[in-house]
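Visitor: Next up, my_file.pdb (PDB, C-alpha atoms, pLDDT in the B column).
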```
ATOM      1  CA  MET Z   1      30.878 -18.707  25.421  1.00 54.00           C
ATOM      2  CA  ILE Z   2      28.235 -16.328  24.030  1.00 67.00           C
ATOM      3  CA  ASP Z   3      26.378 -17.362  20.902  1.00 81.00           C
ATOM      4  CA  LEU Z   4      26.675 -14.435  18.469  1.00 79.00           C
ATOM      5  CA  ALA Z   5      24.222 -15.706  15.824  1.00 82.00           C
ATOM      6  CA  PRO Z   6      21.060 -14.165  17.409  1.00 84.00           C
ATOM      7  CA  TRP Z   7      22.839 -10.853  17.917  1.00 86.00           C
ATOM      8  CA  LEU Z   8      24.122 -10.770  14.356  1.00 88.00           C
ATOM      9  CA  LEU Z   9      20.675 -11.664  13.025  1.00 89.00           C
ATOM     10  CA  GLY Z  10      19.127  -8.889  15.101  1.00 89.00           C
ATOM     11  CA  LEU Z  11      21.728  -6.412  13.899  1.00 90.00           C
ATOM     12  CA  ALA Z  12      21.133  -7.455  10.275  1.00 91.00           C
ATOM     13  CA  ILE Z  13      17.368  -6.929  10.674  1.00 91.00           C
ATOM     14  CA  VAL Z  14      17.878  -3.474  12.192  1.00 90.00           C
ATOM     15  CA  ALA Z  15      20.264  -2.551   9.352  1.00 92.00           C
ATOM     16  CA  LEU Z  16      17.763  -3.753   6.729  1.00 89.00           C
ATOM     17  CA  VAL Z  17      14.905  -1.761   8.271  1.00 87.00           C
ATOM     18  CA  TRP Z  18      17.106   1.344   8.460  1.00 88.00           C
ATOM     19  CA  TRP Z  19      18.261   0.921   4.842  1.00 90.00           C
ATOM     20  CA  ARG Z  20      14.661   0.543   3.582  1.00 87.00           C
ATOM     21  CA  ALA Z  21      13.590   3.622   5.579  1.00 87.00           C
ATOM     22  CA  MET Z  22      16.384   5.687   4.018  1.00 90.00           C
ATOM     23  CA  GLY Z  23      15.299   4.528   0.556  1.00 90.00           C
ATOM     24  CA  ALA Z  24      11.703   5.566   1.259  1.00 90.00           C
ATOM     25  CA  ARG Z  25      12.869   8.941   2.568  1.00 92.00           C
ATOM     26  CA  SER Z  26      14.944   9.502  -0.561  1.00 93.00           C
ATOM     27  CA  ALA Z  27      11.984   8.638  -2.813  1.00 94.00           C
ATOM     28  CA  ALA Z  28       9.743  10.981  -0.797  1.00 94.00           C
ATOM     29  CA  ARG Z  29      12.269  13.815  -1.140  1.00 95.00           C
ATOM     30  CA  ARG Z  30      12.428  13.353  -4.932  1.00 94.00           C
ATOM     31  CA  ALA Z  31       8.602  13.333  -5.106  1.00 95.00           C
ATOM     32  CA  ALA Z  32       8.406  16.556  -3.063  1.00 95.00           C
ATOM     33  CA  GLN Z  33      10.985  18.268  -5.271  1.00 95.00           C
ATOM     34  CA  THR Z  34       9.193  17.154  -8.439  1.00 95.00           C
ATOM     35  CA  ALA Z  35       5.792  18.288  -7.123  1.00 94.00           C
ATOM     36  CA  CYS Z  36       7.235  21.691  -6.221  1.00 93.00           C
ATOM     37  CA  GLU Z  37       8.811  22.085  -9.662  1.00 93.00           C
ATOM     38  CA  GLU Z  38       5.513  21.181 -11.367  1.00 93.00           C
ATOM     39  CA  ALA Z  39       3.584  23.640  -9.151  1.00 90.00           C
ATOM     40  CA  ASP Z  40       6.169  26.367  -9.825  1.00 89.00           C
ATOM     41  CA  VAL Z  41       7.009  26.824  -6.143  1.00 90.00           C
ATOM     42  CA  ILE Z  42      10.308  26.502  -4.288  1.00 90.00           C
ATOM     43  CA  PHE Z  43      10.988  23.400  -2.191  1.00 93.00           C
ATOM     44  CA  ILE Z  44      12.531  24.194   1.181  1.00 89.00           C
ATOM     45  CA  ASP Z  45      15.298  21.677   1.694  1.00 79.00           C
ATOM     46  CA  GLU Z  46      13.652  19.854   4.606  1.00 84.00           C
ATOM     47  CA  LEU Z  47      11.709  16.607   4.810  1.00 90.00           C
ATOM     48  CA  ALA Z  48      10.300  15.603   8.196  1.00 92.00           C
ATOM     49  CA  PHE Z  49       9.074  12.166   9.212  1.00 91.00           C
ATOM     50  CA  LYS Z  50       5.493  12.505  10.496  1.00 93.00           C
ATOM     51  CA  ARG Z  51       4.166   9.029  11.218  1.00 93.00           C
ATOM     52  CA  ILE Z  52       4.307   5.338  10.417  1.00 91.00           C
ATOM     53  CA  GLY Z  53       1.422   2.898  10.442  1.00 92.00           C
ATOM     54  CA  PHE Z  54      -0.598   0.492   8.366  1.00 91.00           C
ATOM     55  CA  SER Z  55      -3.250   1.308   5.763  1.00 88.00           C
ATOM     56  CA  ARG Z  56      -4.930  -0.457   2.888  1.00 87.00           C
ATOM     57  CA  ASP Z  57      -3.658  -0.093  -0.659  1.00 82.00           C
ATOM     58  CA  GLY Z  58      -5.751  -0.005  -3.846  1.00 82.00           C
ATOM     59  CA  GLN Z  59      -6.223  -3.792  -3.802  1.00 88.00           C
ATOM     60  CA  GLY Z  60      -7.314  -3.842  -0.134  1.00 87.00           C
ATOM     61  CA  SER Z  61      -4.075  -5.315   1.227  1.00 88.00           C
ATOM     62  CA  TRP Z  62      -2.498  -3.902   4.376  1.00 91.00           C
ATOM     63  CA  ARG Z  63       0.726  -1.992   3.691  1.00 89.00           C
ATOM     64  CA  LEU Z  64       3.295  -0.238   5.830  1.00 88.00           C
ATOM     65  CA  THR Z  65       2.609   3.474   5.365  1.00 92.00           C
ATOM     66  CA  ARG Z  66       5.024   6.298   6.067  1.00 93.00           C
ATOM     67  CA  ARG Z  67       4.045   9.964   6.002  1.00 95.00           C
ATOM     68  CA  TYR Z  68       6.571  12.749   5.521  1.00 95.00           C
ATOM     69  CA  GLY Z  69       6.031  16.487   5.709  1.00 95.00           C
ATOM     70  CA  PHE Z  70       7.766  19.199   3.742  1.00 95.00           C
ATOM     71  CA  GLU Z  71       7.554  22.953   3.282  1.00 93.00           C
ATOM     72  CA  PHE Z  72       7.663  25.196   0.248  1.00 92.00           C
ATOM     73  CA  TYR Z  73       7.080  28.806  -0.690  1.00 88.00           C
ATOM     74  CA  SER Z  74       5.901  30.566  -3.802  1.00 82.00           C
ATOM     75  CA  ARG Z  75       6.903  34.167  -3.175  1.00 77.00           C
ATOM     76  CA  GLY Z  76       7.875  36.245  -0.210  1.00 74.00           C
ATOM     77  CA  ASP Z  77       8.719  34.566   3.044  1.00 74.00           C
ATOM     78  CA  ARG Z  78       5.481  32.726   3.870  1.00 84.00           C
ATOM     79  CA  ARG Z  79       5.878  28.964   4.112  1.00 87.00           C
ATOM     80  CA  TYR Z  80       3.277  26.397   3.095  1.00 91.00           C
ATOM     81  CA  ALA Z  81       3.035  22.745   4.102  1.00 92.00           C
ATOM     82  CA  GLY Z  82       2.789  19.570   2.077  1.00 94.00           C
ATOM     83  CA  THR Z  83       2.769  15.837   2.802  1.00 95.00           C
ATOM     84  CA  ILE Z  84       3.984  12.708   1.047  1.00 96.00           C
ATOM     85  CA  GLU Z  85       2.402   9.323   1.746  1.00 95.00           C
ATOM     86  CA  MET Z  86       4.448   6.223   0.975  1.00 93.00           C
ATOM     87  CA  HIS Z  87       3.616   2.513   0.794  1.00 91.00           C
ATOM     88  CA  GLY Z  88       6.998   0.898   1.205  1.00 86.00           C
ATOM     89  CA  GLN Z  89       9.244   2.526  -1.414  1.00 87.00           C
ATOM     90  CA  ARG Z  90       6.324   3.725  -3.587  1.00 91.00           C
ATOM     91  CA  VAL Z  91       4.863   7.238  -3.463  1.00 94.00           C
ATOM     92  CA  VAL Z  92       1.100   6.960  -3.037  1.00 93.00           C
ATOM     93  CA  ARG Z  93       0.057  10.573  -2.615  1.00 94.00           C
ATOM     94  CA  VAL Z  94       1.554  14.051  -2.667  1.00 95.00           C
ATOM     95  CA  TYR Z  95      -0.531  16.782  -1.051  1.00 95.00           C
ATOM     96  CA  MET Z  96       0.411  20.430  -1.211  1.00 93.00           C
ATOM     97  CA  GLY Z  97      -1.669  22.638   1.071  1.00 81.00           C
ATOM     98  CA  PRO Z  98      -3.527  25.774   0.017  1.00 79.00           C
ATOM     99  CA  ARG Z  99      -1.351  28.546  -1.338  1.00 75.00           C
ATOM    100  CA  PRO Z 100      -1.744  31.658  -3.479  1.00 68.00           C
ATOM    101  CA  VAL Z 101      -1.675  31.034  -7.207  1.00 66.00           C
TER     102      VAL Z 101
END
```
Could the structure of this file be written out as structure tokens, please?
Guide:
Amino acid sequence: MIDLAPWLLGLAIVALVWWRAMGARSAARRAAQTACEEADVIFIDELAFKRIGFSRDGQGSWRLTRRYGFEFYSRGDRRYAGTIEMHGQRVVRVYMGPRPV
């Protein structure tokens, strides 16, 4: 008979990682929308995962870092790029590339 406990544990870990990633993506999307509203530009309804890695936080501790990209426009049809950097579920930095004012 096959022992299901290791498989269930593995499945639970995968589900937890996926759930946390979706929470981070949702927080990044809200941060991008807020940054666009504050900059008086229009958020294009896309958020792309760019990379995942480790970096140091403000206290020098290593944290899991996710970077997402997004696009926006101010007028016309020219798109501009921005990035969101996350430590876990917390937004660390929002960068909106050069654009006309």
Visitor: What is the atom CA of Z:Ser61 to atom CA of Z:Val14 distance in Å?
Guide: 24.6 Å
Visitor: Do a neighbour search on Z:Asp40 at 12 Å with all atoms listed in the file, toss out local chain neighbours closer than 6 positions, and write the hits as a list in words.
Guide: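 Surrounding residues, per the criterion: Gln33, Thr34, Phe72, Tyr73, Ser74, Arg75, Met96, Arg99, Pro100 and Val101 of chain Z.
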Visitor: Specify as a list in words each residue included when the PyMOL selection byres ((chain Z and resi 24) around 10) is applied to this file.
Guide: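 In the shown coordinates, the PyMOL selection byres ((chain Z and resi 24) around 10) covers Trp18, Trp19, Arg20, Ala21, Met22, Gly23, Arg25, Ser26, Ala27, Ala28, Arg29, Arg30, Arg66, Tyr68, Met86, His87, Gly88, Gln89, Arg90 and Val91 of chain Z.
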Visitor: From the set Z:Cys36, Z:Gly97, Z:Glu85, Z:Gly10, which residue has the shortest atom-to-atom contact distance to Z:Arg63, counting all atoms listed in the file?
Guide: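 Using all atoms listed in the file, Z:Arg63 sits closest to Z:Glu85.
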Visitor: What's around Z:Thr83 at 9 Å? Count only C-alpha atoms, leave out sequence neighbours fewer than 5 positions away in its own chain, and write the answer as number ranges by chain.
Guide: Z: 32, 50, 67-71, 93-97
Visitor: Quick one: pull the distance between atom CA of Z:Pro98 and atom CA of Z:Ala81, Å, one decimal.
Guide: 8.3 Å
Visitor: Could you give me the axis-aligned bounding box of stretch 36-46 of chain Z, with 6 Å of padding per side, as centre plus edge lengths in Å to one decimal, as JSON?
Guide:
```
{"center_x": 9.4, "center_y": 23.3, "center_z": -3.4, "size_x": 23.7, "size_y": 19.0, "size_z": 28.0}
```
Visitor: Please, what distance in Å, to one decimal, runs between atom CA of Z:Gly82 and atom CA of Z:Ala35?
Guide: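 Taking atom CA of Z:Gly82 as the start and atom CA of Z:Ala35 as the end point, the length is 9.8 Å.
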